Amino acid sequence: MKKRWICLYVENEIGVLARISGLFSSKSYNIDSLTVGTTEDETISRMTISVTSDDKTFEQIKKQLNRSVEVIKVVDYTDIPIHMKELLFIKINNCSESDKLEIFRIAAVFKVQITDYDKYNVLLECLQSEKQNDDLISLFKKCFGSRLEIVRGGSVAIEAISITNR
Amino acid sequence: MEIKGSELFVKALLEENVDILFAYPGGQAIDLFDALYDQEKIEVVLPRHEQALVHAADGYARSTGKVGVCLVTSGPGATNLVTGIATANYDSVPLVCFTGQVPTNLIGNDAFQEVDIVGITRSISKYAVTVRNREDLGAIIKKAFFIARTGKPGVVVVDLPKDIQRAYGSDEYQGEINIRGYKPNTGVHLGQIKKALDVLGKAQKPVFLVGGGVNISHANKEMKQLAELTNVPVITTIMGKGAIPTDHPLYVGNIGIHGNYAANTAISQCDVLFSIGTRFNDRITGKVTEFAKNAVIIHVDIDSASISRNIMVDIPIVADAKIAIKALLEKATALNNQAWVDQITAWKKSYPLSMNYQGMTPQIIIEKINKLFKNSIVVTDVGQNQLWTTQFLELDENRQMLTSGGLGTMGYGFPAAIGAKMGNPDKDVIAICGDGGVQMNIQELATAVVYEIPLILCILNNGYLGNVRQWQEMFFNKRYSSTCLRYRKRCSKDCQNPDKCCPEYTPDFIKLAESYGAKAIRVEQVCDIEYAFMEAKANTFTPTIIEFIISPEANVLPIVPAGNSLSEMIMED
Ligand SMILES: Cc1ncc(C[n+]2csc(CCOP(=O)(O)OP(=O)(O)O)c2C)c(N)n1
Ligand SMILES: [Mg+2]
C-alpha cells in the first residue's frame with residue numbers, strides 16, 4: 001500500500017465529478033482527497049486525486065479512468081517532480097490570552113498565517129504540504145483539543161519546472 | 001433550415017440507417033413519437049414492457065451487429081430499461097437508448113415522472129448524457145452512435161428533455177466527430193505480437209482461450225485459420241462459443257464452472273494460454289490461484305482495463321480481436337504439438353458431455369435443434385436451460401447463440417429472440433427458456449403475435465427455479481427454499497420430493513399461448529419432439545410455444561463448486 005497521486009483532465013460538464021467519484025465507489029476504491037477546478041481552457045477541468053492503494057489496484061484505477069469518455073488525460077503524479085500544496089484553515093475558539101500567545105508563537109515557528117482574530121478566537125491559514133498540515137493539526141489537537149474547527153481543501157498539484165516541492 | 005428537435009431526432013436515426021426502433025410512448029416522449037408518425041423507413045415496434053423492449057433491441061443488435069435503438073418516456077419508462085441496459089452493456093452490446101425527460105427548467109424539481117436516469121445508469125452504461133441545449137442535439141446523437149459501436153461496444157443513454165424536443169434549431173446532422181476523451185484503439189503493437197508468437201512457437205501444450213470478443217469483432221473465419229495454421233486447440237468461454245465451428249477437430253469445448261472435462265483439464269495443464277477477448281470472469285476461472293497455474297499467459301483484449309485484472313498476464317496485447325488475429329496470421333507458423341492435441345482428443349472421447357437420465361432430457365431436445373435448424377439463431381434465457389444449451393448446442397457460421405453471459409438476466413431470452421427474428425427474418429429463431437424466467441417477460445407473446453413473428457419459444461418446464469434448486473440439492477442438503485414453482489399454500493414447507501401428486505402447474509402455458517393468439521404444443525416424450533418442431537416451423541406468421549415437460553431434478557454437470565479449481569469438477573450426481 002502506498003500513497004498515489006493522479007492528475008486528471010476531464011470535460012467541464014455536469015455529471016463528470018459524479019462519474020469519476022462513482023467509478024471509485026463502484027469498484028470499492030477509497031479516495032483520500034480530490035480537488036477540482038477549471039483550467040486555462042474553461043471547457044476542461046483538472047482534478048488532483050489521491051488514493052492509497054497497492055500497485056495492481058492503482059493500475060486498474062488508471063485504466064478505468066482512462067476509458068471513461070469524459071476523461072481526457074490521466075497523468076500519474078506519484079513519482080514525478082511536482083509542486084503540491086494544500087490549503088488548511090484552523091480556527092481556535094475560546095482562547096485565553098496565554099492561548100493566543102502560544103498560537104502566535106506556533107504560527108511564527110511554523111510559518112503559517114494568522115488571517116483573522118478577535119478577543120477569544122484565532123484563525124490560521126496554512127498553505128503547505130499535506131504532510132505538514134497533518135503535523136500541524138496533531139500539534140493543535142494536543143494543545144487545544146475540542147476547541148478546534150478544521151477545514152482543509154485537499155492538495156492541488158502541477159508538474160515542476162526545475163525544482164520539486166511536494 | 002430550422003427544424004424541431006424531434007424532427008432532427010428522426011433525421012438522425014435515418015442517417016444512422018436505423019431500420020427498427022423499439023419504442024414505448026409516454027408524456028415526455030410524445031413529440032418524438034409524433035415526428036416518427038410520418039416516416040416509413042423506420043419500423044417502430046411496440047413491445048409490451050420496456051424491459052422486454054431493451055432486451056429485444058439487444059437481441060437485434062447481437063444478431064445483426066448493428067446498433068440497437070430504444071426510445072422510452074421519462075420516469076418509469078426509463079427506469080424499466082435499467083436491467084436491460086446493464087445486461088447489454090455487460091456483454092458489450094451496442095445500444096443507444098433515448099429517454100424522454102421533463103423540460104430542462106423542471107429538472108431537479110421532482111417534477112411528475114422525473115428521474116435522474118443519467119445518474120442511475122452511469123455505472124451500467126458506456127456513456128450517459130442529458131441534452132441541455134438544442135444546438136448540441138445533433139452532435140450528441142452522432143456521438144452516441146459512435147461511442148456505442150466503436151471500441152468495446154456498449155450502451156449509450158441519451159436523455160432528451162421535452163423542451164429540447166420541441167425547440168427549433170439547425171437541421172444539420174454533423175458529419176465528423178472528435179471526442180477528445182475517447183479514442184478507440186484501431187491498431188496493434190507488432191512487437192507484442194512477435195513476442196507472443198515466439199512464446200507460442202516454443203510451447204508444448206498450448207491452447208487458445210477464446211471469449212466473446214472474437215464473436216463481437218466477427219473474427220470467426222480468422223480465428224479458425226489461426227487455429228488450423230498453428231494446430232493449437234481452441235477452448236471457449238460461454239460467450240466465445242461458436243468462435244470456431246464446434247464440430248472442428250481442434251475445438252475442445254467450454255471452460256468454466258460448467259465447462260467440460262477436456263477443456264477444464266487442458267486449461268489446468270497447458271504451458272501457454274493464448275487468450276483472446278475474454279475478461280477472465282470468475283465463472284470461467286474457478287479458484288484464480290490455480291487457474292492455468294503453469295502457463296505463460298498471453299492476453300489480447302480491446303479493453304486495457306480487462307488485462308491483468310483477475311489473472312496476471314505475461315504478454316498483454318491491447319487490440320480489437322480481429323485486428324490482432326490478422327496480425328498473428330501474418331507471422332504464425334505450425335507447432336509441433338500433435339501429442340498434446342491427441343491427448344485432448346482422448347479426454348474429449350473419454351469424458352464427453354452427456355446427461356445420463358431416463359426420458360426426455362434437454363440434451364435430446366437440443367440435439368434435435370442441432371439436426372433440424374441448420375440456419376438459425378438460438379437465444380437462451382438464464383438458468384439450467386441456458387447452461388444445457390451452452391453445453392449441447394452446435395454452432396458454426398450458420399448457427400448463432402445469444403445469451404446473457406455477464407449479468408445472467410432471467411427474462412432475457414424470449415424478448416431478445418423477438419429482436420433477433422426482426423433483424424433476421426430469413427433465419428429460424430428459437431428461444432430456449434426455463435419455466436421461471438419465461439414468466440418474467442411472457443407478456444411479449446402479444447408483441448410476437450401482433451408483429452407476426454414466427455419464432456419458436458421452447459420452455460423447458462422442470463417446475464423449479466432449477467439452477468438454484470440444483471445448488472440447494474448439492475450444497476444445501478436439498479433444502480428447496482423458494483425454488484418450487486408448483487408450491488401452493490397447502491404444501492408442506494420442507495418438501496423435497498416432487499412427484500405426480502404435486503399441485504398443478506400454473507400457468508397452463510398452452511392456454512396462455514392460445515389466449516394471446518399464439519400456437520402451443522406440449523411435449524412429454526422423446527418421440528414427439530421432432531414432430532413438434534416441424535409443426536412449429538410450419539407456422540410462418542405465428543409464434544409457437546413448445547412446452548417440454550422435463551425431469552424436475554435433472555442437473556447441469558459437470559460442476560465446479562464455488563471456491564474450487566477447474567480441475568476439481570463434480571462429474572456426476
Ligand atoms: C432476474 C433474475 N433473478 C434471479 C436470478 C437468479 N437465478 C438464476 S437461475 C435461476 C432459476 C431459473 O429458473 P428457470 O427459469 O425455471 O430455469 P431453469 O434453471 O429451471 O432451467 C434464478 C432464480 C437471475 N439470474 N435473474
Ligand atoms: Mg425451471
# chains A, B, ... in the order shown; residues from 1 in each chain; ligands from 1
call {"tool": "select_by_dssp", "arguments": {"residues": "region 5-166 of chain A", "states": "strand (DSSP E)", "output": "ChimeraX atom specification"}}
result
/A:5-11,31-38,44-53,71-76,82-92,113-117,122-128,148-159
call {"tool": "write_last_selection", "arguments": {"atoms": "C-alpha atoms", "output": "short mmCIF file (atom, residue, chain, number, x, y, z; two decimals), in the first residue's frame"}}
result
data_model
loop_
_atom_site.label_atom_id
_atom_site.label_comp_id
_atom_site.auth_asym_id
_atom_site.auth_seq_id
_atom_site.Cartn_x
_atom_site.Cartn_y
_atom_site.Cartn_z
CA TRP A 5 -1.38 10.98 -6.86
CA ILE A 6 -3.22 11.36 -10.13
CA CYS A 7 -3.77 14.45 -12.21
CA LEU A 8 -6.90 14.15 -14.30
CA TYR A 9 -8.03 16.31 -17.20
CA VAL A 10 -11.81 15.98 -17.66
CA GLU A 11 -14.61 17.60 -19.59
CA ILE A 31 -10.42 8.37 -2.41
CA ASP A 32 -8.13 10.10 0.11
CA SER A 33 -8.66 13.52 -1.40
CA LEU A 34 -9.98 15.08 -4.57
CA THR A 35 -9.84 18.64 -5.78
CA VAL A 36 -11.31 20.00 -8.95
CA GLY A 37 -11.33 23.32 -10.76
CA THR A 38 -11.34 24.76 -14.25
CA ILE A 44 -11.63 21.42 -19.27
CA SER A 45 -11.43 20.81 -15.53
CA ARG A 46 -8.42 19.45 -13.78
CA MET A 47 -8.60 17.14 -10.80
CA THR A 48 -5.92 16.19 -8.34
CA ILE A 49 -6.81 12.89 -6.75
CA SER A 50 -5.03 11.00 -4.04
CA VAL A 51 -5.56 7.34 -3.19
CA THR A 52 -3.77 4.81 -1.05
CA SER A 53 -3.53 1.51 -2.87
CA VAL A 71 -11.68 11.77 -19.10
CA ILE A 72 -9.28 13.47 -21.48
CA LYS A 73 -5.97 12.61 -19.89
CA VAL A 74 -4.62 10.77 -16.85
CA VAL A 75 -1.18 11.64 -15.51
CA ASP A 76 0.42 9.70 -12.69
CA ILE A 82 5.72 18.25 -8.94
CA HIS A 83 4.70 21.18 -6.82
CA MET A 84 1.89 20.35 -4.47
CA LYS A 85 0.12 22.38 -1.81
CA GLU A 86 -2.91 22.14 0.36
CA LEU A 87 -4.90 24.90 1.99
CA LEU A 88 -5.89 24.34 5.62
CA PHE A 89 -7.88 26.61 7.93
CA ILE A 90 -7.66 26.11 11.68
CA LYS A 91 -9.96 28.13 13.92
CA ILE A 92 -9.33 28.04 17.67
CA GLN A 113 -0.51 32.93 8.59
CA ILE A 114 -2.87 34.28 11.18
CA THR A 115 -5.51 35.81 8.97
CA ASP A 116 -8.20 36.79 11.45
CA TYR A 117 -8.78 37.06 15.20
CA VAL A 122 -8.00 32.96 16.17
CA LEU A 123 -7.98 31.81 12.55
CA LEU A 124 -4.90 30.35 10.85
CA GLU A 125 -4.43 29.92 7.14
CA CYS A 126 -1.85 27.28 6.26
CA LEU A 127 -0.68 26.75 2.72
CA GLN A 128 1.83 23.96 2.73
CA LEU A 148 -10.72 23.47 17.16
CA GLU A 149 -12.55 23.86 13.91
CA ILE A 150 -10.67 22.44 10.95
CA VAL A 151 -11.31 22.59 7.22
CA ARG A 152 -8.88 21.50 4.55
CA GLY A 153 -9.09 21.57 0.80
CA GLY A 154 -7.15 18.60 -0.47
CA SER A 155 -3.97 19.05 -2.42
CA VAL A 156 -3.59 20.62 -5.82
CA ALA A 157 -0.54 19.80 -7.85
CA ILE A 158 1.25 20.80 -11.01
CA GLU A 159 4.34 19.44 -12.74
#
call {"tool": "residues_near_ligand", "arguments": {"ligand": "ligand 2", "cutoff": "9 Å", "atoms": "only C-alpha atoms and all ligand atoms", "output": "list in words"}}
result
Gly383, Gln384, Asn385, Cys433, Gly434, Asp435, Gly436, Gly437, Ile459, Leu460, Asn461, Asn462, Gly463, Tyr464, Leu465, Gly466, Asn467, Arg469, Thr483, Cys484, Leu485 and Pro552 of chain B
call {"tool": "select_by_dssp", "arguments": {"residues": "region 369-522 of chain B", "states": "helix (DSSP H, G or I)", "output": "PyMOL selection string"}}
result
chain B and resi 369-372+384-392+413-423+437-440+442-450+466-475+509-516
call {"tool": "residues_around", "arguments": {"residues": "Glu222 (chain B)", "least_positions_apart": "6", "cutoff": "12 Å", "atoms": "only C-alpha atoms", "output": "PyMOL selection string"}}
result
chain B and resi 214-215+228-229+243-244+321-330
call {"tool": "write_last_selection", "arguments": {"atoms": "all heavy atoms", "output": "short mmCIF file (atom, residue, chain, number, x, y, z; two decimals), in the first residue's frame"}}
result
data_model
loop_
_atom_site.label_atom_id
_atom_site.label_comp_id
_atom_site.auth_asym_id
_atom_site.auth_seq_id
_atom_site.Cartn_x
_atom_site.Cartn_y
_atom_site.Cartn_z
N VAL B 214 -14.14 -12.29 -29.77
CA VAL B 214 -13.92 -12.79 -31.14
C VAL B 214 -15.25 -12.79 -31.91
O VAL B 214 -15.29 -12.42 -33.09
CB VAL B 214 -13.29 -14.19 -31.11
CG1 VAL B 214 -13.26 -14.82 -32.49
CG2 VAL B 214 -11.88 -14.10 -30.53
N ASN B 215 -16.33 -13.16 -31.25
CA ASN B 215 -17.63 -13.12 -31.91
C ASN B 215 -18.05 -11.67 -32.20
O ASN B 215 -18.57 -11.37 -33.28
CB ASN B 215 -18.70 -13.80 -31.06
CG ASN B 215 -18.51 -15.31 -31.02
OD1 ASN B 215 -18.00 -15.90 -31.98
ND2 ASN B 215 -18.91 -15.94 -29.93
N GLU B 228 -6.01 -23.49 -37.26
CA GLU B 228 -5.56 -24.52 -38.20
C GLU B 228 -4.09 -24.33 -38.56
O GLU B 228 -3.32 -25.29 -38.64
CB GLU B 228 -6.44 -24.47 -39.46
CG GLU B 228 -7.83 -25.05 -39.18
CD GLU B 228 -8.81 -24.83 -40.32
OE1 GLU B 228 -8.46 -24.09 -41.27
OE2 GLU B 228 -9.92 -25.40 -40.25
N LEU B 229 -3.71 -23.07 -38.76
CA LEU B 229 -2.33 -22.79 -39.14
C LEU B 229 -1.36 -23.22 -38.04
O LEU B 229 -0.31 -23.80 -38.31
CB LEU B 229 -2.19 -21.28 -39.41
CG LEU B 229 -0.80 -20.74 -39.72
CD1 LEU B 229 -0.29 -21.37 -41.02
CD2 LEU B 229 -0.84 -19.24 -39.87
N ALA B 243 -16.88 -19.36 -31.86
CA ALA B 243 -15.77 -18.64 -32.47
C ALA B 243 -15.16 -19.47 -33.60
O ALA B 243 -14.77 -18.94 -34.63
CB ALA B 243 -14.72 -18.30 -31.42
N ILE B 244 -15.04 -20.78 -33.37
CA ILE B 244 -14.78 -21.67 -34.50
C ILE B 244 -15.89 -22.73 -34.44
O ILE B 244 -16.49 -22.95 -33.39
CB ILE B 244 -13.36 -22.32 -34.47
CG1 ILE B 244 -13.25 -23.40 -33.40
CG2 ILE B 244 -12.29 -21.25 -34.26
CD1 ILE B 244 -11.98 -24.23 -33.55
N ALA B 321 -9.97 -7.88 -31.45
CA ALA B 321 -9.63 -9.28 -31.70
C ALA B 321 -9.30 -9.52 -33.17
O ALA B 321 -8.32 -10.19 -33.50
CB ALA B 321 -10.78 -10.17 -31.26
N LYS B 322 -10.09 -8.96 -34.05
CA LYS B 322 -9.89 -9.26 -35.46
C LYS B 322 -8.56 -8.68 -35.95
O LYS B 322 -7.81 -9.35 -36.67
CB LYS B 322 -11.03 -8.67 -36.28
CG LYS B 322 -11.04 -9.14 -37.73
CD LYS B 322 -12.29 -8.61 -38.40
CE LYS B 322 -12.68 -9.44 -39.61
NZ LYS B 322 -14.09 -9.24 -39.93
N ILE B 323 -8.26 -7.47 -35.52
CA ILE B 323 -7.00 -6.84 -35.95
C ILE B 323 -5.82 -7.65 -35.42
O ILE B 323 -4.85 -7.92 -36.13
CB ILE B 323 -6.96 -5.38 -35.45
CG1 ILE B 323 -8.02 -4.57 -36.21
CG2 ILE B 323 -5.58 -4.77 -35.63
CD1 ILE B 323 -8.26 -3.18 -35.66
N ALA B 324 -5.92 -8.08 -34.16
CA ALA B 324 -4.82 -8.85 -33.57
C ALA B 324 -4.67 -10.20 -34.27
O ALA B 324 -3.56 -10.63 -34.59
CB ALA B 324 -5.07 -9.05 -32.08
N ILE B 325 -5.80 -10.87 -34.52
CA ILE B 325 -5.71 -12.20 -35.13
C ILE B 325 -5.14 -12.09 -36.55
O ILE B 325 -4.31 -12.90 -36.97
CB ILE B 325 -7.08 -12.90 -35.13
CG1 ILE B 325 -7.53 -13.15 -33.68
CG2 ILE B 325 -7.01 -14.22 -35.88
CD1 ILE B 325 -8.96 -13.64 -33.54
N LYS B 326 -5.55 -11.06 -37.26
CA LYS B 326 -5.00 -10.87 -38.61
C LYS B 326 -3.48 -10.67 -38.55
O LYS B 326 -2.74 -11.22 -39.37
CB LYS B 326 -5.66 -9.68 -39.29
CG LYS B 326 -7.02 -10.02 -39.88
CD LYS B 326 -7.51 -8.89 -40.74
CE LYS B 326 -8.68 -9.36 -41.60
NZ LYS B 326 -9.43 -8.23 -42.15
N ALA B 327 -3.04 -9.88 -37.58
CA ALA B 327 -1.60 -9.66 -37.44
C ALA B 327 -0.90 -10.97 -37.07
O ALA B 327 0.20 -11.27 -37.56
CB ALA B 327 -1.33 -8.59 -36.38
N LEU B 328 -1.54 -11.78 -36.23
CA LEU B 328 -0.96 -13.06 -35.85
C LEU B 328 -0.85 -13.99 -37.07
O LEU B 328 0.14 -14.70 -37.24
CB LEU B 328 -1.81 -13.73 -34.76
CG LEU B 328 -1.76 -13.06 -33.38
CD1 LEU B 328 -2.92 -13.53 -32.51
CD2 LEU B 328 -0.42 -13.35 -32.69
N LEU B 329 -1.88 -13.95 -37.90
CA LEU B 329 -1.91 -14.83 -39.07
C LEU B 329 -0.73 -14.56 -40.01
O LEU B 329 -0.23 -15.47 -40.68
CB LEU B 329 -3.22 -14.65 -39.83
CG LEU B 329 -4.40 -15.47 -39.32
CD1 LEU B 329 -5.68 -15.07 -40.04
CD2 LEU B 329 -4.14 -16.97 -39.51
N GLU B 330 -0.28 -13.32 -40.05
CA GLU B 330 0.82 -12.98 -40.96
C GLU B 330 2.12 -13.67 -40.60
O GLU B 330 2.94 -13.95 -41.44
CB GLU B 330 1.05 -11.47 -40.95
CG GLU B 330 -0.18 -10.70 -41.35
CD GLU B 330 0.13 -9.59 -42.32
OE1 GLU B 330 1.24 -9.02 -42.21
OE2 GLU B 330 -0.72 -9.33 -43.19
#
call {"tool": "residues_around", "arguments": {"residues": "Gln28 (chain B)", "least_positions_apart": "6", "cutoff": "10 Å", "atoms": "only C-alpha atoms", "output": "ChimeraX atom specification"}}
result
/B:72-75,77,99-103,113-114,160-163,165
call {"tool": "write_last_selection", "arguments": {"atoms": "N, CA, C and O atoms", "output": "PDB file, in the first residue's frame"}}
result
ATOM      1  N   VAL B  72     -37.934   5.469 -25.019  1.00  0.00           N
ATOM      2  CA  VAL B  72     -38.961   5.339 -23.982  1.00  0.00           C
ATOM      3  C   VAL B  72     -39.213   6.706 -23.361  1.00  0.00           C
ATOM      4  O   VAL B  72     -38.464   7.655 -23.580  1.00  0.00           O
ATOM      5  N   THR B  73     -40.261   6.753 -22.557  1.00  0.00           N
ATOM      6  CA  THR B  73     -40.567   8.012 -21.904  1.00  0.00           C
ATOM      7  C   THR B  73     -39.754   8.154 -20.607  1.00  0.00           C
ATOM      8  O   THR B  73     -38.957   7.289 -20.258  1.00  0.00           O
ATOM      9  N   SER B  74     -39.966   9.266 -19.933  1.00  0.00           N
ATOM     10  CA  SER B  74     -39.180   9.556 -18.722  1.00  0.00           C
ATOM     11  C   SER B  74     -39.644   8.685 -17.552  1.00  0.00           C
ATOM     12  O   SER B  74     -40.562   7.880 -17.685  1.00  0.00           O
ATOM     13  N   GLY B  75     -39.056   8.887 -16.412  1.00  0.00           N
ATOM     14  CA  GLY B  75     -39.515   8.260 -15.169  1.00  0.00           C
ATOM     15  C   GLY B  75     -39.590   6.753 -15.251  1.00  0.00           C
ATOM     16  O   GLY B  75     -38.580   6.084 -15.467  1.00  0.00           O
ATOM     17  N   GLY B  77     -40.742   4.767 -17.486  1.00  0.00           N
ATOM     18  CA  GLY B  77     -40.294   4.233 -18.777  1.00  0.00           C
ATOM     19  C   GLY B  77     -38.795   4.047 -18.760  1.00  0.00           C
ATOM     20  O   GLY B  77     -38.262   3.009 -19.171  1.00  0.00           O
ATOM     21  N   THR B  99     -34.199   8.425 -23.825  1.00  0.00           N
ATOM     22  CA  THR B  99     -35.233   8.523 -22.802  1.00  0.00           C
ATOM     23  C   THR B  99     -35.814   9.931 -22.841  1.00  0.00           C
ATOM     24  O   THR B  99     -35.064  10.911 -22.910  1.00  0.00           O
ATOM     25  N   GLY B 100     -37.135  10.026 -22.819  1.00  0.00           N
ATOM     26  CA  GLY B 100     -37.750  11.333 -22.663  1.00  0.00           C
ATOM     27  C   GLY B 100     -37.393  11.875 -21.285  1.00  0.00           C
ATOM     28  O   GLY B 100     -37.079  11.111 -20.373  1.00  0.00           O
ATOM     29  N   GLN B 101     -37.454  13.195 -21.147  1.00  0.00           N
ATOM     30  CA  GLN B 101     -37.157  13.786 -19.838  1.00  0.00           C
ATOM     31  C   GLN B 101     -38.043  15.014 -19.676  1.00  0.00           C
ATOM     32  O   GLN B 101     -38.506  15.598 -20.673  1.00  0.00           O
ATOM     33  N   VAL B 102     -38.293  15.398 -18.444  1.00  0.00           N
ATOM     34  CA  VAL B 102     -39.083  16.608 -18.205  1.00  0.00           C
ATOM     35  C   VAL B 102     -38.325  17.809 -18.772  1.00  0.00           C
ATOM     36  O   VAL B 102     -37.117  17.740 -18.982  1.00  0.00           O
ATOM     37  N   PRO B 103     -39.004  18.907 -19.047  1.00  0.00           N
ATOM     38  CA  PRO B 103     -38.320  20.065 -19.630  1.00  0.00           C
ATOM     39  C   PRO B 103     -37.155  20.527 -18.751  1.00  0.00           C
ATOM     40  O   PRO B 103     -37.197  20.367 -17.523  1.00  0.00           O
ATOM     41  N   GLN B 113     -42.962  12.342 -13.060  1.00  0.00           N
ATOM     42  CA  GLN B 113     -42.200  11.397 -13.877  1.00  0.00           C
ATOM     43  C   GLN B 113     -40.786  11.863 -14.189  1.00  0.00           C
ATOM     44  O   GLN B 113     -40.250  11.576 -15.249  1.00  0.00           O
ATOM     45  N   GLU B 114     -40.200  12.576 -13.255  1.00  0.00           N
ATOM     46  CA  GLU B 114     -38.793  12.919 -13.415  1.00  0.00           C
ATOM     47  C   GLU B 114     -37.944  11.914 -12.653  1.00  0.00           C
ATOM     48  O   GLU B 114     -38.177  11.674 -11.474  1.00  0.00           O
ATOM     49  N   LEU B 160     -33.475  13.081 -23.294  1.00  0.00           N
ATOM     50  CA  LEU B 160     -33.940  14.186 -24.145  1.00  0.00           C
ATOM     51  C   LEU B 160     -35.073  14.962 -23.477  1.00  0.00           C
ATOM     52  O   LEU B 160     -36.249  14.564 -23.561  1.00  0.00           O
ATOM     53  N   PRO B 161     -34.775  16.088 -22.848  1.00  0.00           N
ATOM     54  CA  PRO B 161     -35.836  16.885 -22.224  1.00  0.00           C
ATOM     55  C   PRO B 161     -36.850  17.366 -23.261  1.00  0.00           C
ATOM     56  O   PRO B 161     -36.511  17.601 -24.424  1.00  0.00           O
ATOM     57  N   LYS B 162     -38.072  17.492 -22.794  1.00  0.00           N
ATOM     58  CA  LYS B 162     -39.180  17.776 -23.699  1.00  0.00           C
ATOM     59  C   LYS B 162     -39.000  19.112 -24.440  1.00  0.00           C
ATOM     60  O   LYS B 162     -39.319  19.219 -25.619  1.00  0.00           O
ATOM     61  N   ASP B 163     -38.474  20.129 -23.753  1.00  0.00           N
ATOM     62  CA  ASP B 163     -38.318  21.426 -24.439  1.00  0.00           C
ATOM     63  C   ASP B 163     -37.279  21.338 -25.557  1.00  0.00           C
ATOM     64  O   ASP B 163     -37.394  22.030 -26.568  1.00  0.00           O
ATOM     65  N   GLN B 165     -36.871  18.695 -27.393  1.00  0.00           N
ATOM     66  CA  GLN B 165     -37.579  18.014 -28.488  1.00  0.00           C
ATOM     67  C   GLN B 165     -38.420  19.001 -29.297  1.00  0.00           C
ATOM     68  O   GLN B 165     -38.605  18.846 -30.503  1.00  0.00           O
TER      69      GLN B 165
END
call {"tool": "atom_distance", "arguments": {"atom1": "CA of Asn17 (chain B)", "atom2": "CA of Glu444 (chain B)"}}
result
25.7 Å
call {"tool": "closest_atom_pairs", "arguments": {"of": "chain A", "to": "chain B", "cutoff": "10 Å", "atoms": "only C-alpha atoms", "output": "JSON lines"}}
result
{"residue": "A:Tyr9", "atom": "CA", "partner": "B:Gly181", "partner_atom": "CA", "distance": 9.1}
{"residue": "A:Val10", "atom": "CA", "partner": "B:Gly181", "partner_atom": "CA", "distance": 7.8}
{"residue": "A:Glu11", "atom": "CA", "partner": "B:Gly181", "partner_atom": "CA", "distance": 8.1}
{"residue": "A:Glu13", "atom": "CA", "partner": "B:Val129", "partner_atom": "CA", "distance": 9.9}
{"residue": "A:Ile14", "atom": "CA", "partner": "B:Thr130", "partner_atom": "CA", "distance": 9.1}
{"residue": "A:Gly15", "atom": "CA", "partner": "B:Gly119", "partner_atom": "CA", "distance": 7.8}
{"residue": "A:Ala18", "atom": "CA", "partner": "B:Gly119", "partner_atom": "CA", "distance": 8.0}
{"residue": "A:Arg19", "atom": "CA", "partner": "B:Arg122", "partner_atom": "CA", "distance": 6.7}
{"residue": "A:Gly22", "atom": "CA", "partner": "B:Ser123", "partner_atom": "CA", "distance": 7.1}
{"residue": "A:Leu23", "atom": "CA", "partner": "B:Ser123", "partner_atom": "CA", "distance": 7.1}
{"residue": "A:Ser25", "atom": "CA", "partner": "B:Ser123", "partner_atom": "CA", "distance": 10.0}
{"residue": "A:Ser26", "atom": "CA", "partner": "B:Ser123", "partner_atom": "CA", "distance": 7.4}
{"residue": "A:Lys27", "atom": "CA", "partner": "B:Ser123", "partner_atom": "CA", "distance": 10.0}
{"residue": "A:Lys56", "atom": "CA", "partner": "B:Arg309", "partner_atom": "CA", "distance": 7.8}
{"residue": "A:Thr57", "atom": "CA", "partner": "B:Arg309", "partner_atom": "CA", "distance": 8.4}
{"residue": "A:Glu59", "atom": "CA", "partner": "B:Ala305", "partner_atom": "CA", "distance": 8.5}
{"residue": "A:Gln60", "atom": "CA", "partner": "B:Ala305", "partner_atom": "CA", "distance": 6.1}
{"residue": "A:Ile61", "atom": "CA", "partner": "B:Ala305", "partner_atom": "CA", "distance": 8.6}
{"residue": "A:Lys62", "atom": "CA", "partner": "B:Ala305", "partner_atom": "CA", "distance": 8.6}
{"residue": "A:Lys63", "atom": "CA", "partner": "B:Ala305", "partner_atom": "CA", "distance": 5.1}
{"residue": "A:Gln64", "atom": "CA", "partner": "B:Ala305", "partner_atom": "CA", "distance": 6.0}
{"residue": "A:Leu65", "atom": "CA", "partner": "B:Ala305", "partner_atom": "CA", "distance": 9.4}
{"residue": "A:Asn66", "atom": "CA", "partner": "B:Gly181", "partner_atom": "CA", "distance": 8.0}
{"residue": "A:Arg67", "atom": "CA", "partner": "B:Tyr182", "partner_atom": "CA", "distance": 7.4}
{"residue": "A:Ser68", "atom": "CA", "partner": "B:Gly181", "partner_atom": "CA", "distance": 7.4}
{"residue": "A:Val69", "atom": "CA", "partner": "B:Gly181", "partner_atom": "CA", "distance": 5.1}
{"residue": "A:Glu70", "atom": "CA", "partner": "B:Gly181", "partner_atom": "CA", "distance": 5.6}
{"residue": "A:Val71", "atom": "CA", "partner": "B:Gly181", "partner_atom": "CA", "distance": 5.1}
{"residue": "A:Ile72", "atom": "CA", "partner": "B:Gly181", "partner_atom": "CA", "distance": 3.9}
{"residue": "A:Lys73", "atom": "CA", "partner": "B:Gly181", "partner_atom": "CA", "distance": 7.1}
call {"tool": "decode", "arguments": {"residues": "region 385-389 of chain B", "atoms": "N, CA, C and O atoms", "output": "short mmCIF file (atom, residue, chain, number, x, y, z; two decimals), in the first residue's frame"}}
result
data_model
loop_
_atom_site.label_atom_id
_atom_site.label_comp_id
_atom_site.auth_asym_id
_atom_site.auth_seq_id
_atom_site.Cartn_x
_atom_site.Cartn_y
_atom_site.Cartn_z
N ASN B 385 -31.56 -24.11 -18.26
CA ASN B 385 -31.88 -24.10 -19.69
C ASN B 385 -30.73 -23.50 -20.50
O ASN B 385 -30.37 -23.97 -21.57
N GLN B 386 -30.15 -22.44 -19.96
CA GLN B 386 -29.04 -21.76 -20.63
C GLN B 386 -27.78 -22.63 -20.62
O GLN B 386 -27.10 -22.80 -21.63
N LEU B 387 -27.50 -23.19 -19.46
CA LEU B 387 -26.25 -23.95 -19.33
C LEU B 387 -26.28 -25.19 -20.20
O LEU B 387 -25.30 -25.52 -20.86
N TRP B 388 -27.42 -25.88 -20.23
CA TRP B 388 -27.52 -27.04 -21.12
C TRP B 388 -27.33 -26.62 -22.57
O TRP B 388 -26.67 -27.31 -23.35
N THR B 389 -27.92 -25.49 -22.92
CA THR B 389 -27.79 -25.04 -24.31
C THR B 389 -26.33 -24.74 -24.63
O THR B 389 -25.82 -25.12 -25.69
#
